[in-house]
>>> print(open('work.cif').read())   # mmCIF, C-alpha atoms and all ligand atoms
data_run
loop_
_atom_site.label_atom_id
_atom_site.label_comp_id
_atom_site.auth_asym_id
_atom_site.auth_seq_id
_atom_site.Cartn_x
_atom_site.Cartn_y
_atom_site.Cartn_z
CA MET A 1 -2.87 9.68 14.67
CA LYS A 2 0.49 7.93 14.28
CA SER A 3 3.53 9.91 13.15
CA VAL A 4 6.84 8.85 11.61
CA LEU A 5 8.25 8.81 15.16
CA ASP A 6 5.80 6.06 16.10
CA PHE A 7 7.08 3.79 13.32
CA HIS A 8 10.55 3.90 14.81
CA LYS A 9 9.23 3.51 18.34
CA MET A 10 7.06 0.54 17.42
CA LYS A 11 10.00 -1.29 15.89
CA SER A 12 12.25 -0.64 18.89
CA GLN A 13 9.49 -1.76 21.28
CA GLY A 14 8.83 -4.88 19.22
CA SER A 15 5.24 -3.87 18.57
CA ARG A 16 4.13 -4.85 15.06
CA ILE A 17 2.78 -2.32 12.58
CA SER A 18 -0.42 -3.03 10.62
CA MET A 19 -1.07 -1.27 7.35
CA VAL A 20 -3.89 -1.75 4.87
CA THR A 21 -4.45 -0.25 1.46
CA CYS A 22 -7.50 1.93 1.01
CA TYR A 23 -8.65 4.01 -1.92
CA ASP A 24 -12.06 5.57 -1.24
CA TYR A 25 -14.02 7.57 1.32
CA THR A 26 -16.49 4.86 2.37
CA SER A 27 -13.84 2.20 2.99
CA ALA A 28 -11.65 4.78 4.70
CA ARG A 29 -14.42 5.42 7.24
CA ILE A 30 -14.39 1.71 8.13
CA VAL A 31 -10.59 1.61 8.43
CA ALA A 32 -10.81 4.79 10.52
CA ALA A 33 -13.06 2.96 12.96
CA SER A 34 -10.66 0.00 13.13
CA ASP A 35 -7.43 -0.49 15.09
CA VAL A 36 -5.24 -0.71 11.95
CA ASP A 37 -2.22 1.56 12.42
CA CYS A 38 -1.95 3.21 9.03
CA ILE A 39 -3.27 3.38 5.49
CA LEU A 40 -1.49 3.01 2.17
CA VAL A 41 -3.20 4.63 -0.78
CA GLY A 42 -1.30 2.32 -3.09
CA ASP A 43 -0.97 2.61 -6.82
CA SER A 44 -2.58 -0.85 -6.79
CA LEU A 45 -5.71 1.29 -7.11
CA ALA A 46 -5.04 1.20 -10.85
CA MET A 47 -5.95 -2.50 -10.59
CA THR A 48 -8.43 -2.69 -7.70
CA MET A 49 -10.41 0.47 -8.46
CA HIS A 50 -9.88 0.99 -12.17
CA GLY A 51 -9.54 -2.56 -13.51
CA HIS A 52 -6.10 -2.28 -15.12
CA GLU A 53 -3.85 -5.34 -15.27
CA THR A 54 -0.86 -3.57 -13.72
CA THR A 55 -0.19 -0.51 -11.59
CA LEU A 56 1.40 1.40 -14.46
CA ALA A 57 -1.74 3.37 -15.30
CA ALA A 58 -1.72 5.33 -12.04
CA THR A 59 -0.76 9.00 -12.30
CA PRO A 60 0.05 11.59 -9.61
CA GLU A 61 -3.32 13.26 -10.24
CA LEU A 62 -5.19 9.97 -9.81
CA MET A 63 -3.23 9.20 -6.64
CA ALA A 64 -4.06 12.64 -5.26
CA LEU A 65 -7.77 12.19 -6.01
CA HIS A 66 -7.88 8.94 -4.04
CA VAL A 67 -5.67 10.28 -1.21
CA GLU A 68 -8.09 13.19 -0.81
CA ALA A 69 -11.08 10.85 -0.55
CA VAL A 70 -9.31 8.59 1.96
CA ARG A 71 -8.16 11.56 4.04
CA LYS A 72 -11.78 12.76 4.30
CA GLY A 73 -12.88 9.34 5.55
CA ALA A 74 -9.93 8.64 7.85
CA ALA A 75 -8.81 11.88 9.42
CA ASN A 76 -7.34 9.92 12.34
CA LYS A 77 -4.95 7.69 10.36
CA PHE A 78 -1.41 8.11 9.06
CA ILE A 79 -1.71 7.97 5.28
CA VAL A 80 1.05 7.02 2.87
CA GLY A 81 0.46 7.92 -0.78
CA ASP A 82 2.22 5.99 -3.52
CA MET A 83 4.40 7.80 -6.03
CA PRO A 84 3.12 6.17 -9.22
CA PHE A 85 4.99 4.76 -12.21
CA LEU A 86 7.96 6.97 -13.26
CA ALA A 87 6.72 9.89 -11.15
CA HIS A 88 10.11 10.19 -9.43
CA ARG A 89 12.16 9.45 -12.58
CA ALA A 90 11.24 12.36 -14.80
CA GLY A 91 13.41 15.09 -13.32
CA LEU A 92 13.39 16.78 -9.95
CA GLU A 93 10.86 19.43 -10.84
CA ARG A 94 8.23 16.94 -11.99
CA THR A 95 9.04 14.67 -9.06
CA MET A 96 8.48 17.48 -6.58
CA GLU A 97 5.24 18.47 -8.30
CA ALA A 98 3.97 14.90 -7.91
CA VAL A 99 5.05 14.86 -4.25
CA ARG A 100 3.37 18.22 -3.73
CA ILE A 101 -0.03 17.18 -5.07
CA ILE A 102 -0.05 13.87 -3.19
CA MET A 103 0.93 15.53 0.09
CA LYS A 104 -1.48 18.44 -0.37
CA ALA A 105 -4.26 15.92 -0.97
CA GLY A 106 -3.73 14.73 2.59
CA ALA A 107 -0.91 12.16 2.76
CA GLN A 108 1.64 12.25 5.59
CA ALA A 109 4.29 10.46 3.52
CA VAL A 110 4.99 9.15 0.04
CA LYS A 111 6.12 5.65 -0.90
CA ILE A 112 8.69 5.16 -3.63
CA GLU A 113 9.54 1.87 -5.33
CA GLY A 114 13.21 0.96 -5.77
CA ILE A 115 16.42 2.78 -4.93
CA ASP A 116 18.95 2.28 -7.73
CA GLY A 117 19.40 5.62 -9.45
CA SER A 118 16.93 7.35 -7.12
CA GLU A 119 19.13 8.08 -4.11
CA ASP A 120 19.55 11.81 -4.74
CA THR A 121 15.85 12.21 -5.45
CA ILE A 122 14.83 10.40 -2.27
CA ARG A 123 17.31 12.46 -0.25
CA HIS A 124 15.91 15.64 -1.77
CA ILE A 125 12.32 14.69 -0.96
CA VAL A 126 13.26 13.84 2.64
CA GLN A 127 15.27 17.08 2.98
CA SER A 128 12.22 18.93 1.70
CA GLY A 129 10.35 17.75 4.78
CA VAL A 130 8.41 14.88 3.23
CA PRO A 131 8.72 11.46 4.88
CA VAL A 132 9.55 8.68 2.41
CA MET A 133 8.63 5.02 2.76
CA GLY A 134 10.79 2.76 0.57
CA HIS A 135 9.60 -0.33 -1.29
CA LEU A 136 11.93 -3.18 -2.28
CA GLY A 137 11.68 -6.76 -3.52
CA LEU A 138 8.84 -7.25 -5.99
CA THR A 139 8.23 -3.64 -6.97
CA PRO A 140 5.17 -3.91 -9.24
CA GLN A 141 6.10 -0.83 -11.29
CA SER A 142 9.05 -2.88 -12.62
CA ILE A 143 6.82 -5.80 -13.59
CA HIS A 144 8.01 -5.82 -17.19
CA GLN A 145 11.63 -5.91 -16.13
CA PHE A 146 10.91 -8.81 -13.76
CA GLY A 147 8.96 -10.64 -16.47
CA GLY A 148 5.90 -11.12 -14.23
CA PHE A 149 4.79 -11.06 -10.58
CA LYS A 150 7.57 -13.29 -9.21
CA VAL A 151 9.19 -13.74 -5.80
CA GLN A 152 12.35 -11.63 -5.68
CA GLY A 153 15.60 -12.00 -3.78
CA THR A 154 16.09 -15.69 -4.47
CA GLY A 155 19.36 -15.54 -6.44
CA GLU A 156 22.84 -16.27 -5.10
CA HIS A 157 23.69 -12.72 -3.96
CA ALA A 158 20.10 -11.63 -3.51
CA ALA A 159 20.25 -11.25 0.26
CA GLU A 160 23.32 -8.98 0.16
CA MET A 161 21.84 -6.98 -2.68
CA LEU A 162 18.53 -6.46 -0.91
CA LEU A 163 20.30 -5.53 2.33
CA SER A 164 22.54 -3.07 0.50
CA GLN A 165 19.48 -1.47 -1.14
CA ALA A 166 17.66 -1.32 2.19
CA ARG A 167 20.68 0.26 3.90
CA ARG A 168 20.99 2.85 1.17
CA LEU A 169 17.31 3.68 1.57
CA GLU A 170 17.84 4.12 5.29
CA GLU A 171 20.85 6.35 4.63
CA CYS A 172 18.75 8.47 2.27
CA GLY A 173 16.37 9.06 5.17
CA ALA A 174 13.51 6.63 4.49
CA PHE A 175 11.52 6.16 7.72
CA ALA A 176 10.25 2.65 6.85
CA LEU A 177 10.21 0.29 3.92
CA VAL A 178 7.92 -2.24 2.36
CA LEU A 179 9.42 -5.62 1.47
CA GLU A 180 7.26 -7.37 -1.11
CA CYS A 181 7.46 -11.04 -2.07
CA VAL A 182 10.91 -11.93 -0.78
CA PRO A 183 11.82 -15.12 1.08
CA ALA A 184 11.03 -14.86 4.80
CA GLU A 185 14.63 -15.57 5.82
CA ILE A 186 15.97 -12.73 3.70
CA ALA A 187 13.31 -10.31 4.92
CA ALA A 188 14.18 -11.26 8.50
CA HIS A 189 17.88 -10.67 7.80
CA VAL A 190 17.17 -7.23 6.32
CA THR A 191 14.83 -6.34 9.21
CA ARG A 192 17.49 -7.27 11.80
CA HIS A 193 20.12 -5.11 10.13
CA LEU A 194 18.04 -1.95 9.82
CA GLU A 195 17.07 0.71 12.34
CA VAL A 196 13.89 1.56 10.44
CA PRO A 197 10.93 -0.82 10.38
CA THR A 198 10.13 -3.13 7.48
CA ILE A 199 6.55 -3.78 6.48
CA GLY A 200 6.13 -7.08 4.70
CA ILE A 201 3.74 -8.38 2.08
CA GLY A 202 4.63 -11.92 1.17
CA ALA A 203 7.83 -11.46 3.16
CA GLY A 204 7.28 -13.71 6.17
CA ARG A 205 6.69 -13.20 9.87
CA GLU A 206 9.84 -11.40 10.93
CA CYS A 207 9.14 -8.04 9.31
CA SER A 208 8.32 -5.19 11.70
CA GLY A 209 4.81 -5.04 10.31
CA GLN A 210 2.49 -6.35 7.61
CA VAL A 211 0.47 -4.78 4.82
CA LEU A 212 -2.30 -6.29 2.73
CA VAL A 213 -4.36 -4.95 -0.13
CA MET A 214 -7.85 -4.30 1.22
CA GLN A 215 -9.62 -6.25 -1.54
CA ASP A 216 -7.44 -9.31 -0.80
CA LEU A 217 -7.89 -9.06 2.97
CA LEU A 218 -11.67 -8.73 2.70
CA GLY A 219 -12.08 -11.51 0.14
CA LEU A 220 -13.38 -9.18 -2.56
CA ASN A 221 -10.82 -10.26 -5.12
CA ILE A 222 -11.84 -13.88 -5.52
CA GLU A 223 -9.73 -14.68 -8.58
CA PHE A 224 -6.54 -13.72 -6.74
CA LYS A 225 -5.30 -15.90 -3.89
CA PRO A 226 -1.52 -16.03 -3.69
CA LYS A 227 0.06 -17.88 -0.79
CA PHE A 228 0.74 -14.72 1.23
CA VAL A 229 -2.87 -13.50 1.30
CA ARG A 230 -5.07 -14.33 4.25
CA ARG A 231 -8.76 -13.59 3.72
CA TYR A 232 -10.42 -12.19 6.83
CA SER A 233 -13.88 -12.06 5.28
CA ASP A 234 -15.93 -13.34 2.38
CA ALA A 235 -16.98 -9.85 1.38
CA PHE A 236 -17.59 -10.88 -2.25
CA GLY A 237 -20.09 -13.52 -1.07
CA LEU A 238 -21.70 -11.19 1.46
CA PHE A 239 -22.14 -8.38 -1.04
CA LYS A 240 -23.43 -10.73 -3.73
CA GLU A 241 -25.97 -12.18 -1.30
CA ALA A 242 -27.18 -8.66 -0.46
CA PHE A 243 -27.52 -7.75 -4.15
CA ASP A 244 -29.39 -11.01 -4.86
CA SER A 245 -31.75 -10.43 -1.92
CA PHE A 246 -32.46 -6.89 -3.13
CA ASN A 247 -33.08 -8.19 -6.65
CA ALA A 248 -35.44 -10.89 -5.40
CA ASP A 249 -37.36 -8.41 -3.22
CA VAL A 250 -37.76 -6.01 -6.14
CA LYS A 251 -38.86 -8.77 -8.51
CA GLU A 252 -41.34 -10.15 -5.97
CA GLY A 253 -42.71 -6.73 -5.07
CA ASN A 254 -41.38 -6.99 -1.49
CA PHE A 255 -39.35 -3.79 -1.68
CA PRO A 256 -40.17 -1.11 -0.77
CA ALA A 257 -42.63 -1.97 1.98
CA GLN A 258 -45.33 0.43 3.16
CA GLU A 259 -43.10 1.83 5.90
CA GLU A 260 -40.32 2.43 3.40
CA SER A 261 -42.59 4.59 1.25
CA TYR A 262 -43.60 8.30 1.54
O1 LIG B 1 0.24 -0.34 -4.22
C1 LIG B 1 0.17 -1.14 -3.29
O2 LIG B 1 -0.90 -1.61 -2.90
C2 LIG B 1 1.40 -1.54 -2.64
C3 LIG B 1 1.34 -2.63 -1.64
C4 LIG B 1 1.21 -3.93 -2.34
C5 LIG B 1 2.47 -2.63 -0.71
O3 LIG B 1 2.42 -1.00 -2.94
#
>>> encode(input="work.cif", output="structure tokens")
Amino acid sequence: MKSVLDFHKMKSQGSRISMVTCYDYTSARIVAASDVDCILVGDSLAMTMHGHETTLAATPELMALHVEAVRKGAANKFIVGDMPFLAHRAGLERTMEAVRIIMKAGAQAVKIEGIDGSEDTIRHIVQSGVPVMGHLGLTPQSIHQFGGFKVQGTGEHAAEMLLSQARRLEECGAFALVLECVPAEIAAHVTRHLEVPTIGIGAGRECSGQVLVMQDLLGLNIEFKPKFVRRYSDAFGLFKEAFDSFNADVKEGNFPAQEESY
């Protein structure tokens, strides 16, 4: 299993980090059998697993439930658990309780969106022995402040602002950070000026690694195809075909066969 030390090493050796989101035991077993470096149990599970329109519905308890399932399926992978909406903004005691349940469920690190106003909290979490992955750019928990899922970091001083946020995260002790939906040039600039690795999603080729949401990568989420998603499978089509074949076999009396019966 990878450790936080490997993230640093991989960046310094120029070897790219692959991360995929995962939310359940069965999928985790498949990721466990793959070469992917690490797993993010993202709060995107509010959308992918529970059908909400945003990530805001995720709670620490829900995150912990999914982390636990993924840990059981992927004992060999480094797992990052998302701190959900406002979980690190409601006082230190509640923050640490959320961190505690996510880590005790089996994560090796937590991911926190944003930095402004959260420096002391992030420092405290790191000093408590919990690795923190940062997340900048399009931070989906701030969707209502952004006014929608929009590329970030495009304004006049955006590059300096993003770099300053990234540097502050590094100073607070973050071991890596996700850059979401920022122009490739700006993500490259930030990556070059940091010691810690950046993991991009919609942030171009020059990040130290890449993350995709499992449902997007597998082609399960057919209504959603932003520019940055590459589909590596048509899982929706494959699954549908299997369901249709099952249905047809049942309707035609072809399932179960003799040898499938007691
Ligand atoms: O929750 C999530 O899936 C994420 C990724 C998009 C990075 O934060």
>>> closest_atom_pairs(input="work.cif", of="chain A", to="ligand LIG 1 (chain B)", cutoff="7 Å", atoms="all atoms listed in the file", output="CSV")
residue,atom,partner,partner_atom,distance
A:Thr21,CA,B:LIG1,O2,5.8
A:Leu40,CA,B:LIG1,O2,6.9
A:Val41,CA,B:LIG1,O1,7.0
A:Gly42,CA,B:LIG1,O1,3.3
A:Asp43,CA,B:LIG1,O1,4.1
A:Ser44,CA,B:LIG1,O1,3.8
A:Leu45,CA,B:LIG1,O1,6.8
A:Asp82,CA,B:LIG1,O1,6.7
A:Val178,CA,B:LIG1,C5,6.3
A:Glu180,CA,B:LIG1,C5,6.8
A:Ile201,CA,B:LIG1,C5,6.5
A:Val211,CA,B:LIG1,C5,6.3
A:Leu212,CA,B:LIG1,C4,6.6
A:Val213,CA,B:LIG1,O2,5.5
>>> closest_residue(input="work.cif", among="A:Ile102, A:Asp35, A:Phe78, A:Lys150", to="Pro226 in chain A", atoms="all atoms listed in the file")
A:Lys150
>>> atom_distance(input="work.cif", atom1="CA of Val67 in chain A", atom2="CA of Ala107 in chain A")
6.5 Å
>>> residues_near_point(input="work.cif", point="(15.2, -16.9, 5.9)", cutoff="12 Å", atoms="only C-alpha atoms", output="PyMOL selection string")
chain A and resi 153-154+158-159+182-192+203-207
>>> atom_distance(input="work.cif", atom1="CA of Val99 in chain A", atom2="CA of Ala58 in chain A")
14.0 Å
>>> closest_residue(input="work.cif", among="A:Met161, A:Ala98, A:Ile115, A:Ala64", to="Thr139 in chain A", atoms="only C-alpha atoms")
A:Ile115
>>> atom_distance(input="work.cif", atom1="CA of Ile112 in chain A", atom2="CA of Ala33 in chain A")
27.4 Å
>>> residues_around(input="work.cif", residues="range 3-12 of chain A", least_positions_apart="3", cutoff="9 Å", atoms="all atoms listed in the file", output="MDAnalysis selection string")
chainID A and resid 15:17 78 108:109 131 175:176 195:198 208:209
>>> closest_residue(input="work.cif", among="A:Glu61, A:Asp24, A:Glu53, A:Glu113", to="Ser142 in chain A", atoms="only C-alpha atoms")
A:Glu113
>>> decode(input="work.cif", residues="range 54-82 of chain A", atoms="N, CA and C atoms", output="PDB file, in the first residue's frame")
ATOM      1  N   THR A  54     -26.056  17.944  -5.911  1.00  0.00           N
ATOM      2  CA  THR A  54     -24.759  18.502  -5.498  1.00  0.00           C
ATOM      3  C   THR A  54     -24.172  17.580  -4.434  1.00  0.00           C
ATOM      4  N   THR A  55     -22.972  17.960  -3.972  1.00  0.00           N
ATOM      5  CA  THR A  55     -22.305  17.143  -2.944  1.00  0.00           C
ATOM      6  C   THR A  55     -22.726  17.552  -1.527  1.00  0.00           C
ATOM      7  N   LEU A  56     -23.567  18.572  -1.425  1.00  0.00           N
ATOM      8  CA  LEU A  56     -23.837  19.158  -0.111  1.00  0.00           C
ATOM      9  C   LEU A  56     -24.539  18.217   0.867  1.00  0.00           C
ATOM     10  N   ALA A  57     -25.168  17.177   0.346  1.00  0.00           N
ATOM     11  CA  ALA A  57     -25.931  16.279   1.216  1.00  0.00           C
ATOM     12  C   ALA A  57     -25.052  15.303   1.999  1.00  0.00           C
ATOM     13  N   ALA A  58     -23.785  15.199   1.622  1.00  0.00           N
ATOM     14  CA  ALA A  58     -22.924  14.230   2.321  1.00  0.00           C
ATOM     15  C   ALA A  58     -22.691  14.670   3.766  1.00  0.00           C
ATOM     16  N   THR A  59     -22.613  13.716   4.652  1.00  0.00           N
ATOM     17  CA  THR A  59     -22.349  13.991   6.075  1.00  0.00           C
ATOM     18  C   THR A  59     -21.145  13.144   6.498  1.00  0.00           C
ATOM     19  N   PRO A  60     -20.519  13.488   7.629  1.00  0.00           N
ATOM     20  CA  PRO A  60     -19.390  12.662   8.093  1.00  0.00           C
ATOM     21  C   PRO A  60     -19.797  11.196   8.282  1.00  0.00           C
ATOM     22  N   GLU A  61     -20.999  10.975   8.788  1.00  0.00           N
ATOM     23  CA  GLU A  61     -21.440   9.590   9.033  1.00  0.00           C
ATOM     24  C   GLU A  61     -21.583   8.824   7.716  1.00  0.00           C
ATOM     25  N   LEU A  62     -22.132   9.511   6.701  1.00  0.00           N
ATOM     26  CA  LEU A  62     -22.294   8.870   5.390  1.00  0.00           C
ATOM     27  C   LEU A  62     -20.918   8.576   4.779  1.00  0.00           C
ATOM     28  N   MET A  63     -20.001   9.541   4.918  1.00  0.00           N
ATOM     29  CA  MET A  63     -18.654   9.341   4.387  1.00  0.00           C
ATOM     30  C   MET A  63     -18.014   8.127   5.062  1.00  0.00           C
ATOM     31  N   ALA A  64     -18.180   8.046   6.377  1.00  0.00           N
ATOM     32  CA  ALA A  64     -17.554   6.951   7.127  1.00  0.00           C
ATOM     33  C   ALA A  64     -18.120   5.596   6.696  1.00  0.00           C
ATOM     34  N   LEU A  65     -19.431   5.561   6.449  1.00  0.00           N
ATOM     35  CA  LEU A  65     -20.076   4.314   6.012  1.00  0.00           C
ATOM     36  C   LEU A  65     -19.461   3.817   4.700  1.00  0.00           C
ATOM     37  N   HIS A  66     -19.278   4.754   3.763  1.00  0.00           N
ATOM     38  CA  HIS A  66     -18.714   4.368   2.460  1.00  0.00           C
ATOM     39  C   HIS A  66     -17.214   4.054   2.571  1.00  0.00           C
ATOM     40  N   VAL A  67     -16.498   4.822   3.404  1.00  0.00           N
ATOM     41  CA  VAL A  67     -15.059   4.539   3.589  1.00  0.00           C
ATOM     42  C   VAL A  67     -14.893   3.112   4.125  1.00  0.00           C
ATOM     43  N   GLU A  68     -15.738   2.751   5.058  1.00  0.00           N
ATOM     44  CA  GLU A  68     -15.644   1.419   5.675  1.00  0.00           C
ATOM     45  C   GLU A  68     -15.846   0.314   4.624  1.00  0.00           C
ATOM     46  N   ALA A  69     -16.831   0.529   3.750  1.00  0.00           N
ATOM     47  CA  ALA A  69     -17.107  -0.476   2.711  1.00  0.00           C
ATOM     48  C   ALA A  69     -15.932  -0.573   1.735  1.00  0.00           C
ATOM     49  N   VAL A  70     -15.390   0.597   1.367  1.00  0.00           N
ATOM     50  CA  VAL A  70     -14.271   0.607   0.407  1.00  0.00           C
ATOM     51  C   VAL A  70     -13.032  -0.023   1.052  1.00  0.00           C
ATOM     52  N   ARG A  71     -12.796   0.298   2.306  1.00  0.00           N
ATOM     53  CA  ARG A  71     -11.634  -0.286   3.001  1.00  0.00           C
ATOM     54  C   ARG A  71     -11.712  -1.808   3.003  1.00  0.00           C
ATOM     55  N   LYS A  72     -12.929  -2.355   3.210  1.00  0.00           N
ATOM     56  CA  LYS A  72     -13.079  -3.818   3.236  1.00  0.00           C
ATOM     57  C   LYS A  72     -12.758  -4.419   1.868  1.00  0.00           C
ATOM     58  N   GLY A  73     -13.095  -3.687   0.810  1.00  0.00           N
ATOM     59  CA  GLY A  73     -12.856  -4.215  -0.535  1.00  0.00           C
ATOM     60  C   GLY A  73     -11.459  -3.944  -1.054  1.00  0.00           C
ATOM     61  N   ALA A  74     -10.784  -2.954  -0.494  1.00  0.00           N
ATOM     62  CA  ALA A  74      -9.475  -2.551  -1.047  1.00  0.00           C
ATOM     63  C   ALA A  74      -8.482  -2.333   0.095  1.00  0.00           C
ATOM     64  N   ALA A  75      -8.170  -3.415   0.755  1.00  0.00           N
ATOM     65  CA  ALA A  75      -7.265  -3.334   1.916  1.00  0.00           C
ATOM     66  C   ALA A  75      -5.863  -2.911   1.499  1.00  0.00           C
ATOM     67  N   ASN A  76      -5.563  -3.041   0.199  1.00  0.00           N
ATOM     68  CA  ASN A  76      -4.200  -2.783  -0.274  1.00  0.00           C
ATOM     69  C   ASN A  76      -4.011  -1.364  -0.823  1.00  0.00           C
ATOM     70  N   LYS A  77      -5.029  -0.523  -0.734  1.00  0.00           N
ATOM     71  CA  LYS A  77      -4.923   0.806  -1.366  1.00  0.00           C
ATOM     72  C   LYS A  77      -4.949   1.919  -0.332  1.00  0.00           C
ATOM     73  N   PHE A  78      -4.226   2.991  -0.646  1.00  0.00           N
ATOM     74  CA  PHE A  78      -4.263   4.214   0.157  1.00  0.00           C
ATOM     75  C   PHE A  78      -5.613   4.882  -0.097  1.00  0.00           C
ATOM     76  N   ILE A  79      -6.349   5.128   0.970  1.00  0.00           N
ATOM     77  CA  ILE A  79      -7.706   5.691   0.824  1.00  0.00           C
ATOM     78  C   ILE A  79      -7.778   7.078   1.441  1.00  0.00           C
ATOM     79  N   VAL A  80      -8.264   8.007   0.641  1.00  0.00           N
ATOM     80  CA  VAL A  80      -8.505   9.374   1.125  1.00  0.00           C
ATOM     81  C   VAL A  80     -10.011   9.535   1.284  1.00  0.00           C
ATOM     82  N   GLY A  81     -10.441  10.001   2.439  1.00  0.00           N
ATOM     83  CA  GLY A  81     -11.875  10.225   2.673  1.00  0.00           C
ATOM     84  C   GLY A  81     -12.168  11.721   2.676  1.00  0.00           C
ATOM     85  N   ASP A  82     -13.204  12.102   1.965  1.00  0.00           N
ATOM     86  CA  ASP A  82     -13.550  13.533   1.899  1.00  0.00           C
ATOM     87  C   ASP A  82     -14.168  14.013   3.205  1.00  0.00           C
TER      88      ASP A  82
END
